[in-house]
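Source file: final.cif. Holds: mmCIF, C-alpha atoms.
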data_input
loop_
_atom_site.label_atom_id
_atom_site.label_comp_id
_atom_site.auth_asym_id
_atom_site.auth_seq_id
_atom_site.Cartn_x
_atom_site.Cartn_y
_atom_site.Cartn_z
CA MET A 102 -11.70 8.21 -22.29
CA ASN A 103 -8.48 10.04 -21.48
CA ARG A 104 -5.72 8.39 -19.53
CA ILE A 105 -5.74 9.95 -16.09
CA ILE A 106 -3.10 9.36 -13.45
CA THR A 107 -3.83 10.66 -9.96
CA ILE A 108 -1.22 11.04 -7.28
CA GLY A 109 -1.71 10.90 -3.55
CA ARG A 110 1.39 11.32 -1.43
CA GLU A 111 2.72 11.75 2.06
CA PHE A 112 4.33 15.10 2.66
CA GLY A 113 8.06 14.85 1.94
CA SER A 114 7.85 11.55 0.08
CA GLY A 115 8.72 13.11 -3.27
CA GLY A 116 5.35 12.27 -4.81
CA ARG A 117 4.89 15.68 -6.37
CA GLU A 118 8.36 15.63 -7.94
CA ILE A 119 7.73 12.12 -9.27
CA GLY A 120 4.35 13.22 -10.64
CA ARG A 121 5.84 16.09 -12.56
CA ALA A 122 8.66 13.94 -13.98
CA LEU A 123 6.19 11.20 -14.86
CA ALA A 124 4.00 13.63 -16.81
CA GLU A 125 7.09 14.85 -18.64
CA LYS A 126 8.19 11.33 -19.45
CA LEU A 127 4.73 10.33 -20.69
CA GLN A 128 4.36 13.70 -22.39
CA ILE A 129 1.00 14.40 -20.90
CA ALA A 130 -0.42 17.38 -19.01
CA TYR A 131 0.50 17.96 -15.37
CA TYR A 132 -1.84 19.71 -12.93
CA ASP A 133 -0.94 20.75 -9.44
CA HIS A 134 -0.62 24.42 -8.59
CA GLU A 135 -2.45 25.15 -11.86
CA ILE A 136 -5.66 24.12 -10.13
CA VAL A 137 -5.28 26.81 -7.49
CA THR A 138 -4.52 29.42 -10.14
CA GLU A 139 -7.65 28.41 -12.01
CA ILE A 140 -9.80 28.58 -8.87
CA SER A 141 -8.40 32.04 -8.26
CA LYS A 142 -9.39 33.16 -11.74
CA ARG A 143 -12.93 31.89 -11.31
CA THR A 144 -13.58 33.08 -7.79
CA ASP A 145 -11.61 36.30 -7.51
CA LEU A 146 -9.97 34.92 -4.37
CA ALA A 147 -6.22 35.42 -4.14
CA VAL A 148 -3.99 32.41 -4.82
CA ASP A 149 -2.31 32.77 -1.43
CA TYR A 150 -5.62 32.88 0.32
CA ILE A 151 -6.92 29.77 -1.45
CA GLN A 152 -3.79 27.88 -0.52
CA ARG A 153 -4.03 28.97 3.07
CA ILE A 154 -7.64 27.84 3.22
CA GLN A 155 -6.78 24.54 1.56
CA GLU A 156 -3.77 23.81 3.71
CA LYS A 157 -5.53 24.43 6.97
CA ARG A 158 -7.86 21.87 8.50
CA PRO A 159 -10.85 21.87 6.22
CA PHE A 160 -14.16 23.10 7.50
CA PRO A 161 -13.42 24.00 11.08
CA PHE A 162 -17.14 24.19 11.85
CA MET A 163 -18.00 20.81 10.44
CA ASN A 164 -17.71 19.11 13.79
CA ILE A 165 -19.99 21.38 15.70
CA THR A 166 -22.68 22.01 13.09
CA VAL A 167 -24.55 19.08 11.66
CA GLY A 168 -27.60 18.57 9.48
CA ARG A 169 -29.51 21.68 8.55
CA SER A 170 -27.76 23.92 10.98
CA PHE A 171 -24.60 23.44 8.90
CA TRP A 172 -26.04 25.48 6.08
CA THR A 173 -27.01 28.34 8.32
CA ALA A 174 -23.54 28.71 9.85
CA PRO A 175 -22.90 32.41 9.40
CA SER A 176 -19.36 32.01 8.19
CA THR A 177 -17.82 33.66 5.18
CA VAL A 178 -14.76 31.47 5.50
CA LEU A 179 -16.94 28.38 5.43
CA GLU A 180 -18.80 29.62 2.38
CA GLN A 181 -15.53 30.33 0.68
CA GLN A 182 -14.26 26.89 1.54
CA LEU A 183 -17.33 25.34 -0.03
CA THR A 184 -16.93 27.50 -3.13
CA ILE A 185 -13.29 26.52 -3.45
CA LEU A 186 -14.14 22.88 -3.06
CA LYS A 187 -16.88 23.03 -5.67
CA GLN A 188 -14.70 24.90 -8.12
CA GLU A 189 -11.83 22.55 -7.52
CA SER A 190 -13.89 19.47 -8.35
CA GLU A 191 -15.27 21.13 -11.47
CA ILE A 192 -11.82 22.16 -12.65
CA ILE A 193 -10.42 18.68 -12.04
CA ARG A 194 -13.25 17.17 -14.10
CA GLU A 195 -12.65 19.67 -16.91
CA MET A 196 -8.94 18.88 -16.95
CA ALA A 197 -9.66 15.17 -17.13
CA GLU A 198 -11.99 15.78 -20.07
CA ARG A 199 -9.44 17.88 -21.91
CA SER A 200 -6.56 15.42 -22.32
CA ASP A 201 -4.43 12.71 -20.74
CA CYS A 202 -2.97 14.08 -17.53
CA VAL A 203 -1.32 13.63 -14.16
CA ILE A 204 -3.15 15.32 -11.27
CA VAL A 205 -1.45 15.71 -7.91
CA GLY A 206 -3.46 15.59 -4.69
CA ARG A 207 -6.82 17.28 -4.25
CA CYS A 208 -8.70 14.04 -3.88
CA ALA A 209 -8.63 13.69 -7.68
CA ASP A 210 -8.70 9.89 -7.46
CA TYR A 211 -12.11 10.16 -5.82
CA VAL A 212 -13.45 13.14 -7.79
CA LEU A 213 -12.62 11.31 -11.04
CA ARG A 214 -13.65 7.83 -9.93
CA ASP A 215 -16.00 7.45 -12.93
CA ASN A 216 -13.06 8.09 -15.28
CA LYS A 217 -11.22 5.09 -13.84
CA PRO A 218 -7.93 6.90 -13.22
CA PHE A 219 -4.74 5.03 -12.40
CA ARG A 220 -4.34 5.87 -8.72
CA LEU A 221 -0.81 6.15 -7.38
CA PHE A 222 0.16 6.72 -3.75
CA PHE A 223 3.67 7.57 -2.56
CA TYR A 224 4.91 7.11 0.99
CA ALA A 225 8.19 6.87 2.83
CA GLU A 226 9.81 6.39 6.21
CA MET A 227 9.83 9.45 8.45
CA ASP A 228 13.65 9.78 8.52
CA TYR A 229 13.78 9.93 4.75
CA LYS A 230 10.99 12.50 4.57
CA LEU A 231 12.72 14.51 7.25
CA ALA A 232 15.99 14.53 5.29
CA ARG A 233 14.21 15.56 2.09
CA CYS A 234 12.37 18.40 3.84
CA ARG A 235 15.61 19.47 5.47
CA GLU A 236 17.27 19.76 2.04
CA LYS A 237 14.48 21.93 0.71
CA GLN A 238 14.28 24.12 3.78
CA HIS A 239 15.01 27.81 3.37
CA ASP A 240 17.83 29.17 5.51
CA SER A 241 15.36 31.58 7.02
CA GLU A 242 13.29 28.83 8.62
CA VAL A 243 15.62 26.59 10.53
CA LEU A 244 13.42 24.09 12.35
CA SER A 245 14.58 21.41 14.74
CA ASP A 246 14.03 17.78 13.77
CA ARG A 247 11.22 17.66 16.28
CA GLU A 248 9.50 20.72 14.81
CA LEU A 249 9.98 19.47 11.26
CA ARG A 250 8.60 16.05 12.14
CA LYS A 251 5.60 17.73 13.72
CA GLN A 252 5.07 19.83 10.60
CA ILE A 253 5.24 16.78 8.34
CA LYS A 254 2.72 14.95 10.49
CA GLN A 255 0.43 17.97 10.55
CA MET A 256 0.50 18.30 6.75
CA ASP A 257 -0.43 14.63 6.39
CA LYS A 258 -3.14 15.03 9.00
CA ASN A 259 -4.62 17.91 6.99
CA ARG A 260 -4.49 15.89 3.77
CA SER A 261 -6.00 12.94 5.51
CA GLU A 262 -8.89 14.96 6.94
CA TYR A 263 -9.52 16.66 3.61
CA TYR A 264 -9.55 13.33 1.78
CA GLU A 265 -11.81 11.63 4.26
CA LEU A 266 -14.24 14.51 4.32
CA LEU A 267 -14.59 14.50 0.55
CA SER A 268 -14.48 10.79 -0.17
CA GLY A 269 -15.54 9.12 3.05
CA GLN A 270 -12.51 6.87 2.50
CA THR A 271 -9.27 6.52 4.39
CA TRP A 272 -6.39 8.53 2.96
CA GLY A 273 -3.34 6.38 2.22
CA ALA A 274 -5.18 3.07 2.73
CA LYS A 275 -3.81 0.87 -0.04
CA GLU A 276 -7.31 -0.36 -0.97
CA ASN A 277 -8.03 3.07 -2.47
CA TYR A 278 -5.07 3.00 -4.86
CA ASP A 279 -3.82 0.86 -7.73
CA LEU A 280 -0.15 1.11 -6.88
CA CYS A 281 1.50 2.23 -3.64
CA VAL A 282 5.18 3.06 -3.90
CA ASN A 283 7.61 3.30 -1.00
CA THR A 284 10.09 6.03 -1.97
CA THR A 285 12.42 5.55 1.04
CA ASN A 286 16.02 5.97 -0.16
CA ALA A 287 14.91 5.52 -3.76
CA ASP A 288 16.49 7.26 -6.69
CA LEU A 289 13.50 9.29 -7.86
CA LYS A 290 14.64 9.30 -11.50
CA SER A 291 14.81 5.50 -11.61
CA LEU A 292 11.48 5.37 -9.84
CA VAL A 293 9.88 7.54 -12.54
CA SER A 294 11.27 5.27 -15.27
CA GLY A 295 10.04 2.25 -13.36
CA ILE A 296 6.53 3.60 -12.95
CA ALA A 297 6.35 4.74 -16.57
CA ALA A 298 7.40 1.23 -17.61
CA PHE A 299 4.83 -0.27 -15.26
CA LEU A 300 2.09 1.87 -16.78
CA MET B 146 24.46 -9.80 -2.44
CA ASN B 147 21.85 -11.69 -4.45
CA ARG B 148 18.74 -10.04 -5.73
CA ILE B 149 15.88 -11.22 -3.58
CA ILE B 150 12.22 -10.50 -4.26
CA THR B 151 9.75 -11.40 -1.53
CA ILE B 152 6.03 -11.63 -2.09
CA GLY B 153 3.29 -11.09 0.43
CA ARG B 154 -0.25 -11.48 -0.85
CA GLU B 155 -3.87 -11.61 0.13
CA PHE B 156 -5.46 -14.97 -0.49
CA GLY B 157 -7.04 -14.98 -3.96
CA SER B 158 -5.23 -11.87 -5.19
CA GLY B 159 -3.09 -13.81 -7.65
CA GLY B 160 0.15 -12.95 -5.87
CA ARG B 161 1.53 -16.47 -6.04
CA GLU B 162 0.78 -16.76 -9.77
CA ILE B 163 2.41 -13.40 -10.38
CA GLY B 164 5.43 -14.42 -8.30
CA ARG B 165 5.98 -17.56 -10.33
CA ALA B 166 5.59 -15.72 -13.64
CA LEU B 167 7.88 -12.95 -12.43
CA ALA B 168 10.62 -15.44 -11.53
CA GLU B 169 10.24 -17.02 -14.97
CA LYS B 170 10.43 -13.66 -16.68
CA LEU B 171 13.50 -12.60 -14.69
CA GLN B 172 14.93 -16.11 -15.03
CA ILE B 173 15.66 -16.47 -11.36
CA ALA B 174 14.78 -19.17 -8.83
CA TYR B 175 11.26 -19.42 -7.40
CA TYR B 176 10.55 -20.79 -3.95
CA ASP B 177 7.14 -21.53 -2.57
CA HIS B 178 6.06 -25.10 -1.98
CA GLU B 179 9.74 -26.08 -2.29
CA ILE B 180 10.26 -24.71 1.20
CA VAL B 181 7.76 -27.14 2.68
CA THR B 182 9.34 -30.05 0.80
CA GLU B 183 12.73 -29.05 2.17
CA ILE B 184 11.43 -28.81 5.75
CA SER B 185 9.94 -32.27 5.31
CA LYS B 186 13.31 -33.66 4.23
CA ARG B 187 15.07 -32.16 7.21
CA THR B 188 12.53 -32.99 9.89
CA ASP B 189 10.99 -36.25 8.76
CA LEU B 190 7.58 -34.66 9.12
CA ALA B 191 5.19 -35.34 6.24
CA VAL B 192 4.59 -32.52 3.74
CA ASP B 193 0.84 -32.64 4.36
CA TYR B 194 1.34 -32.40 8.07
CA ILE B 195 3.69 -29.41 7.79
CA GLN B 196 1.19 -27.61 5.60
CA ARG B 197 -1.63 -28.32 7.96
CA ILE B 198 0.42 -26.99 10.86
CA GLN B 199 1.40 -23.91 8.86
CA GLU B 200 -2.06 -23.13 7.60
CA LYS B 201 -3.69 -23.33 10.98
CA ARG B 202 -3.42 -20.49 13.49
CA PRO B 203 0.18 -20.57 14.58
CA PHE B 204 1.01 -21.47 18.16
CA PRO B 205 -2.39 -22.01 19.73
CA PHE B 206 -0.87 -21.84 23.20
CA MET B 207 0.92 -18.57 22.65
CA ASN B 208 -1.91 -16.57 24.12
CA ILE B 209 -2.24 -18.40 27.36
CA THR B 210 1.40 -19.13 28.09
CA VAL B 211 3.76 -16.26 28.55
CA GLY B 212 7.32 -15.80 29.71
CA ARG B 213 9.05 -18.88 31.05
CA SER B 214 5.93 -20.98 31.29
CA PHE B 215 5.77 -20.94 27.47
CA TRP B 216 8.86 -23.13 27.21
CA THR B 217 7.50 -25.69 29.60
CA ALA B 218 4.23 -26.19 27.74
CA PRO B 219 4.12 -29.96 27.31
CA SER B 220 3.01 -29.94 23.70
CA THR B 221 4.48 -32.00 20.92
CA VAL B 222 2.54 -29.97 18.36
CA LEU B 223 4.01 -26.79 19.77
CA GLU B 224 7.50 -28.22 19.65
CA GLN B 225 6.93 -29.30 16.08
CA GLN B 226 5.66 -25.84 15.20
CA LEU B 227 8.81 -24.30 16.62
CA THR B 228 10.97 -26.79 14.75
CA ILE B 229 9.15 -26.04 11.49
CA LEU B 230 9.53 -22.33 12.05
CA LYS B 231 13.23 -22.59 12.79
CA GLN B 232 13.86 -24.83 9.78
CA GLU B 233 11.80 -22.55 7.58
CA SER B 234 13.84 -19.48 8.46
CA GLU B 235 17.10 -21.36 7.95
CA ILE B 236 16.00 -22.69 4.58
CA ILE B 237 14.86 -19.25 3.45
CA ARG B 238 18.26 -17.81 4.39
CA GLU B 239 20.07 -20.59 2.55
CA MET B 240 17.96 -20.01 -0.56
CA ALA B 241 18.73 -16.30 -0.45
CA GLU B 242 22.46 -17.08 -0.20
CA ARG B 243 22.34 -19.48 -3.10
CA SER B 244 21.13 -17.24 -5.95
CA ASP B 245 18.75 -14.49 -7.02
CA CYS B 246 15.22 -15.61 -6.24
CA VAL B 247 11.54 -14.90 -5.68
CA ILE B 248 10.17 -16.20 -2.36
CA VAL B 249 6.43 -16.34 -1.78
CA GLY B 250 5.00 -15.78 1.68
CA ARG B 251 6.51 -17.26 4.84
CA CYS B 252 7.46 -13.90 6.26
CA ALA B 253 10.53 -13.93 3.97
CA ASP B 254 10.59 -10.13 3.79
CA TYR B 255 11.22 -10.04 7.52
CA VAL B 256 13.44 -13.14 7.78
CA LEU B 257 15.70 -11.70 5.06
CA ARG B 258 15.58 -8.09 6.19
CA ASP B 259 19.39 -7.87 6.33
CA ASN B 260 19.57 -8.88 2.66
CA LYS B 261 17.47 -5.85 1.69
CA PRO B 262 14.98 -7.75 -0.45
CA PHE B 263 12.55 -6.00 -2.76
CA ARG B 264 9.30 -6.48 -0.88
CA LEU B 265 6.13 -6.82 -2.96
CA PHE B 266 2.59 -7.07 -1.61
CA PHE B 267 -0.46 -7.97 -3.70
CA TYR B 268 -4.03 -7.23 -2.71
CA ALA B 269 -7.44 -6.98 -4.35
CA GLU B 270 -11.09 -6.25 -3.78
CA MET B 271 -13.07 -9.08 -2.22
CA ASP B 272 -15.36 -9.61 -5.24
CA TYR B 273 -12.38 -10.12 -7.49
CA LYS B 274 -10.74 -12.54 -5.06
CA LEU B 275 -14.03 -14.37 -4.73
CA ALA B 276 -14.35 -14.75 -8.51
CA ARG B 277 -10.76 -16.01 -8.78
CA CYS B 278 -11.26 -18.56 -6.02
CA ARG B 279 -14.53 -19.65 -7.59
CA GLU B 280 -12.73 -20.35 -10.88
CA LYS B 281 -10.13 -22.51 -9.19
CA GLN B 282 -12.62 -24.38 -7.05
CA HIS B 283 -12.91 -28.13 -7.51
CA ASP B 284 -16.35 -29.41 -8.38
CA SER B 285 -16.27 -31.52 -5.27
CA GLU B 286 -16.19 -28.52 -2.95
CA VAL B 287 -19.00 -26.24 -3.97
CA LEU B 288 -19.08 -23.45 -1.42
CA SER B 289 -21.57 -20.62 -1.26
CA ASP B 290 -20.27 -17.07 -1.72
CA ARG B 291 -20.66 -16.55 1.98
CA GLU B 292 -18.63 -19.64 2.83
CA LEU B 293 -15.95 -18.79 0.29
CA ARG B 294 -15.69 -15.22 1.58
CA LYS B 295 -15.34 -16.56 5.09
CA GLN B 296 -12.60 -18.94 3.94
CA ILE B 297 -10.69 -16.13 2.20
CA LYS B 298 -10.90 -13.96 5.30
CA GLN B 299 -9.76 -16.84 7.50
CA MET B 300 -6.73 -17.53 5.30
CA ASP B 301 -5.73 -13.88 5.48
CA LYS B 302 -6.27 -13.87 9.22
CA ASN B 303 -3.93 -16.86 9.56
CA ARG B 304 -1.30 -15.18 7.40
CA SER B 305 -1.67 -11.99 9.32
CA GLU B 306 -1.26 -13.70 12.71
CA TYR B 307 1.72 -15.69 11.50
CA TYR B 308 3.40 -12.58 10.13
CA GLU B 309 2.78 -10.50 13.21
CA LEU B 310 3.98 -13.23 15.51
CA LEU B 311 7.26 -13.58 13.65
CA SER B 312 7.96 -9.98 12.76
CA GLY B 313 6.04 -7.93 15.29
CA GLN B 314 4.85 -5.92 12.29
CA THR B 315 1.44 -5.55 10.69
CA TRP B 316 0.83 -7.84 7.74
CA GLY B 317 -0.22 -5.93 4.63
CA ALA B 318 0.60 -2.49 6.09
CA LYS B 319 2.18 -0.67 3.16
CA GLU B 320 5.01 0.64 5.33
CA ASN B 321 6.49 -2.88 5.41
CA TYR B 322 6.72 -3.20 1.62
CA ASP B 323 8.43 -1.44 -1.26
CA LEU B 324 5.60 -1.81 -3.73
CA CYS B 325 1.95 -2.67 -3.10
CA VAL B 326 -0.02 -3.70 -6.16
CA ASN B 327 -3.79 -3.79 -6.44
CA THR B 328 -4.59 -6.72 -8.73
CA THR B 329 -8.35 -6.07 -8.95
CA ASN B 330 -9.49 -6.80 -12.53
CA ALA B 331 -5.90 -6.64 -13.72
CA ASP B 332 -4.53 -8.77 -16.52
CA LEU B 333 -1.94 -10.74 -14.55
CA LYS B 334 0.33 -11.19 -17.58
CA SER B 335 0.53 -7.43 -18.16
CA LEU B 336 1.04 -6.93 -14.45
CA VAL B 337 4.04 -9.26 -14.47
CA SER B 338 5.56 -7.38 -17.40
CA GLY B 339 4.89 -4.10 -15.62
CA ILE B 340 6.52 -5.21 -12.39
CA ALA B 341 9.51 -6.70 -14.21
CA ALA B 342 9.93 -3.38 -16.01
CA PHE B 343 9.61 -1.50 -12.73
CA LEU B 344 12.32 -3.63 -11.15
#
Take the structure from the file and write it as structure tokens.
Amino acid sequence: MNRIITIGREFGSGGREIGRALAEKLQIAYYDHEIVTEISKRTDLAVDYIQRIQEKRPFPFMNITVGRSFWTAPSTVLEQQLTILKQESEIIREMAERSDCVIVGRCADYVLRDNKPFRLFFYAEMDYKLARCREKQHDSEVLSDRELRKQIKQMDKNRSEYYELLSGQTWGAKENYDLCVNTTNADLKSLVSGIAAFL
Amino acid sequence: MNRIITIGREFGSGGREIGRALAEKLQIAYYDHEIVTEISKRTDLAVDYIQRIQEKRPFPFMNITVGRSFWTAPSTVLEQQLTILKQESEIIREMAERSDCVIVGRCADYVLRDNKPFRLFFYAEMDYKLARCREKQHDSEVLSDRELRKQIKQMDKNRSEYYELLSGQTWGAKENYDLCVNTTNADLKSLVSGIAAFL
């Protein structure tokens, strides 16, 4: 069985950056945006559109339609969401079959649970995440601390809802991961070396 | 400033064993039971008695006495608990001043927060903890799975209450630690090497 490392992360914690560096260090495949590109190829939906669908609250109708009525909801968006979700899981499974790899987000730890992946989760204090987001911010979108904090919380809320919907588990609850790493004020390069050594 | 590693752990997760092995590997001091022995020396209370006081729910009167009335509670046990607590914190601080060290439990992560310790937390699935406790069980105390599970939960509840009382923080919440390690089915020896490498 291939060696699979899945990464869950709070928005702004640096988890994605660490994931990419970790894959480089271990010289194994890295999948993140590639998954969206692949869904796009298979569904004819535009990459931007898939991302927008994925980043928004998943399944807006889920709460008001239950049981059978769910399937009759006359929503193209909903159908597309289901298609994206199905494709995503299939692609993740294919990637895991292909070779050793690092997969960021997308509930991969749950989708690949039979492959016994090593499940990492990265988190950090809000002030640190705020500072990191601030650094990466484009000049064109100058948000106040309050707005940025709200955005960070919203992103995590979306991830959390997506994860819970798919897995029925609590996103970020340490029980669902093998190693949870606090990245607050950490030197990400040292952290990558440390995790690689741990693995 | 000395290098301090504090260890929080769920009962049965192997955290104490890992802590001791980690200190050996890093060739630094290890403090666990030593703290109780030291309290005993300074207070003339017997080691057994201190442990019994520590392992029980801390401060049984805390819930019914608030504000000033707390200090007038005519309880020798309560006074002894406060003495133990005060001595414990002092001893932990002295140990941290003395040399690099690993300190297991006793809210050391919070007591030493100004020393910026590296805060580890170990946890595991219940079945794994149950199996570990079963292995270490004396023949004289054959408990059913149900009883053992109850005992494990009670120990964690005590630790949790003790931690929250002292720190005002949630015991085991990943935000309060730098690295949270799931020990379920792990080879503890490899885990120690991994953590040492990470550090």
Next item on the list: Report as a PyMOL selection string the full result of the PyMOL selection byres ((chain A and resi 193-197) around 8) when it is applied to this structure.
Entry: chain A and resi 103+105+136+189-192+198-202+209+212-213
Next item on the list: Name the residues that the PyMOL selection byres ((chain B) within 10 of (chain A)) pulls out of this structure, and write them as a VMD selection string.
Entry: chain B and resid 264 to 270 317 to 329 331 335 to 344
Checklist line | All residues 12 Å or closer to Tyr308 (chain B), all atoms listed in the file, same chain fewer than 4 positions away omitted, as a PyMOL selection string | finding: chain B and resi 153-154+199+202-203+230+250-256+301-304+312-318+321
Show me the residues around (-2.8, 17.0, -12.9) - criterion: an atom at most 7 Å away, all atoms listed in the file counted - as a PDB file with C-alpha atoms, in the frame of the given file.
ATOM      1  CA  ALA A 130      -0.420  17.380 -19.010  1.00  0.00           C
ATOM      2  CA  TYR A 131       0.500  17.960 -15.370  1.00  0.00           C
ATOM      3  CA  TYR A 132      -1.840  19.710 -12.930  1.00  0.00           C
ATOM      4  CA  ASP A 133      -0.940  20.750  -9.440  1.00  0.00           C
ATOM      5  CA  CYS A 202      -2.970  14.080 -17.530  1.00  0.00           C
ATOM      6  CA  VAL A 203      -1.320  13.630 -14.160  1.00  0.00           C
ATOM      7  CA  ILE A 204      -3.150  15.320 -11.270  1.00  0.00           C
ATOM      8  CA  VAL A 205      -1.450  15.710  -7.910  1.00  0.00           C
TER       9      VAL A 205
END
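From CA of Ser158 (chain B) back to CA of Glu309 (chain B), the distance works out to 20.1 Å.
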Taking all atoms of region 279-296 of chain A that the file lists, what box with edges along x, y and z, padded by 5 Å per side, do you get, with centre and edge lengths in Å to one decimal, as AutoDock Vina command-line options?
--center_x 6.3 --center_y 5.1 --center_z -7.1 --size_x 30.3 --size_y 18.4 --size_z 26.3
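Here CA of Glu111 (chain A) is placed at a distance of 18.2 Å from CA of Lys290 (chain A).
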Next item on the list: Enumerate, as a ChimeraX atom specification, the residues matched when the PyMOL selection byres ((chain A and resi 247-251) around 9) is run on the file above.
Entry: /A:227-228,230-231,234-235,244-246,252-256
Could you get me a file of region 234-240 of chain A with all heavy atoms, as a PDB file, in the first residue's frame, taken from the block above?
ATOM      1  N   CYS A 234      -1.953  35.994   6.939  1.00  0.00           N
ATOM      2  CA  CYS A 234      -2.896  36.381   5.884  1.00  0.00           C
ATOM      3  C   CYS A 234      -2.596  37.806   5.428  1.00  0.00           C
ATOM      4  O   CYS A 234      -2.667  38.115   4.243  1.00  0.00           O
ATOM      5  CB  CYS A 234      -4.331  36.272   6.374  1.00  0.00           C
ATOM      6  SG  CYS A 234      -4.861  34.579   6.631  1.00  0.00           S
ATOM      7  N   ARG A 235      -2.271  38.636   6.381  1.00  0.00           N
ATOM      8  CA  ARG A 235      -1.955  40.032   6.090  1.00  0.00           C
ATOM      9  C   ARG A 235      -0.768  40.108   5.117  1.00  0.00           C
ATOM     10  O   ARG A 235      -0.799  40.846   4.134  1.00  0.00           O
ATOM     11  CB  ARG A 235      -1.629  40.733   7.407  1.00  0.00           C
ATOM     12  CG  ARG A 235      -1.273  42.174   7.345  1.00  0.00           C
ATOM     13  CD  ARG A 235      -2.415  43.106   7.033  1.00  0.00           C
ATOM     14  NE  ARG A 235      -3.403  43.226   8.101  1.00  0.00           N
ATOM     15  CZ  ARG A 235      -4.693  43.524   7.860  1.00  0.00           C
ATOM     16  NH1 ARG A 235      -5.143  43.686   6.627  1.00  0.00           N
ATOM     17  NH2 ARG A 235      -5.539  43.642   8.844  1.00  0.00           N
ATOM     18  N   GLU A 236       0.245  39.312   5.377  1.00  0.00           N
ATOM     19  CA  GLU A 236       1.438  39.270   4.515  1.00  0.00           C
ATOM     20  C   GLU A 236       1.095  38.906   3.073  1.00  0.00           C
ATOM     21  O   GLU A 236       1.658  39.435   2.133  1.00  0.00           O
ATOM     22  CB  GLU A 236       2.403  38.191   5.022  1.00  0.00           C
ATOM     23  CG  GLU A 236       3.541  38.710   5.889  1.00  0.00           C
ATOM     24  CD  GLU A 236       4.354  37.546   6.440  1.00  0.00           C
ATOM     25  OE1 GLU A 236       4.668  36.606   5.682  1.00  0.00           O
ATOM     26  OE2 GLU A 236       4.642  37.580   7.653  1.00  0.00           O
ATOM     27  N   LYS A 237       0.171  37.958   2.957  1.00  0.00           N
ATOM     28  CA  LYS A 237      -0.147  37.420   1.632  1.00  0.00           C
ATOM     29  C   LYS A 237      -1.211  38.224   0.901  1.00  0.00           C
ATOM     30  O   LYS A 237      -1.554  37.908  -0.231  1.00  0.00           O
ATOM     31  CB  LYS A 237      -0.623  35.969   1.771  1.00  0.00           C
ATOM     32  CG  LYS A 237       0.442  35.076   2.323  1.00  0.00           C
ATOM     33  CD  LYS A 237       0.088  33.620   2.124  1.00  0.00           C
ATOM     34  CE  LYS A 237       1.328  32.785   2.402  1.00  0.00           C
ATOM     35  NZ  LYS A 237       1.161  31.385   2.042  1.00  0.00           N
ATOM     36  N   GLN A 238      -1.752  39.211   1.582  1.00  0.00           N
ATOM     37  CA  GLN A 238      -2.861  39.985   1.048  1.00  0.00           C
ATOM     38  C   GLN A 238      -2.412  40.827  -0.163  1.00  0.00           C
ATOM     39  O   GLN A 238      -1.336  41.426  -0.142  1.00  0.00           O
ATOM     40  CB  GLN A 238      -3.367  40.913   2.140  1.00  0.00           C
ATOM     41  CG  GLN A 238      -4.838  41.208   2.042  1.00  0.00           C
ATOM     42  CD  GLN A 238      -5.287  42.060   3.235  1.00  0.00           C
ATOM     43  OE1 GLN A 238      -6.379  41.929   3.706  1.00  0.00           O
ATOM     44  NE2 GLN A 238      -4.444  42.934   3.705  1.00  0.00           N
ATOM     45  N   HIS A 239      -3.240  40.869  -1.167  1.00  0.00           N
ATOM     46  CA  HIS A 239      -2.939  41.742  -2.302  1.00  0.00           C
ATOM     47  C   HIS A 239      -3.237  43.187  -1.902  1.00  0.00           C
ATOM     48  O   HIS A 239      -4.126  43.434  -1.090  1.00  0.00           O
ATOM     49  CB  HIS A 239      -3.801  41.365  -3.506  1.00  0.00           C
ATOM     50  CG  HIS A 239      -3.573  39.968  -3.948  1.00  0.00           C
ATOM     51  ND1 HIS A 239      -2.383  39.538  -4.476  1.00  0.00           N
ATOM     52  CD2 HIS A 239      -4.387  38.878  -3.916  1.00  0.00           C
ATOM     53  CE1 HIS A 239      -2.477  38.248  -4.758  1.00  0.00           C
ATOM     54  NE2 HIS A 239      -3.675  37.815  -4.422  1.00  0.00           N
ATOM     55  N   ASP A 240      -2.486  44.103  -2.494  1.00  0.00           N
ATOM     56  CA  ASP A 240      -2.698  45.522  -2.175  1.00  0.00           C
ATOM     57  C   ASP A 240      -4.134  45.952  -2.492  1.00  0.00           C
ATOM     58  O   ASP A 240      -4.695  46.839  -1.856  1.00  0.00           O
ATOM     59  CB  ASP A 240      -1.732  46.406  -2.987  1.00  0.00           C
ATOM     60  CG  ASP A 240      -0.314  46.227  -2.452  1.00  0.00           C
ATOM     61  OD1 ASP A 240      -0.180  45.775  -1.308  1.00  0.00           O
ATOM     62  OD2 ASP A 240       0.639  46.531  -3.197  1.00  0.00           O
TER      63      ASP A 240
END
